[in-house]
Amino acid sequence: MERDNLMHGARTALNRDPEIREWCENFLREKARAEMPEKNDEEFEHYWKYHKPEIVHAGAAEAVLAYKNRDK
């Protein structure tokens, strides 16, 4: 239940604040890119285009937490 509340709060933050959303999407994109060094830039861009919604949804809580801790 706590995980669901955290996810809901994170998704709400992404939907309400374009600055947070942009930062979090970039964070998750860089994380995904680092996990796929075997893909060239073109392959990764194709992957990101089609998987971005699921990645952002699943990683929302982690990304918002990283956003809040970015200056620490």
# chains A, B, ... in the order shown; residues from 1 in each chain; ligands from 1
$ residues_around --residues "Arg21 (chain A)" --least-positions-apart "3" --cutoff "10 Å" --atoms "only C-alpha atoms" --output "ChimeraX atom specification"
/A:10-18,24-27,56,60,63-64,67
$ select_by_dssp --residues "chain A" --states "helix (DSSP H, G or I)" --output "ChimeraX atom specification"
/A:2-16,18-34,41-68
$ atom_distance --atom1 "CA of Trp48 (chain A)" --atom2 "CA of Arg29 (chain A)"
7.5 Å
$ atom_distance --atom1 "CA of Glu62 (chain A)" --atom2 "CA of Glu22 (chain A)"
14.3 Å
$ atom_distance --atom1 "CA of Glu45 (chain A)" --atom2 "CA of Arg33 (chain A)"
9.4 Å
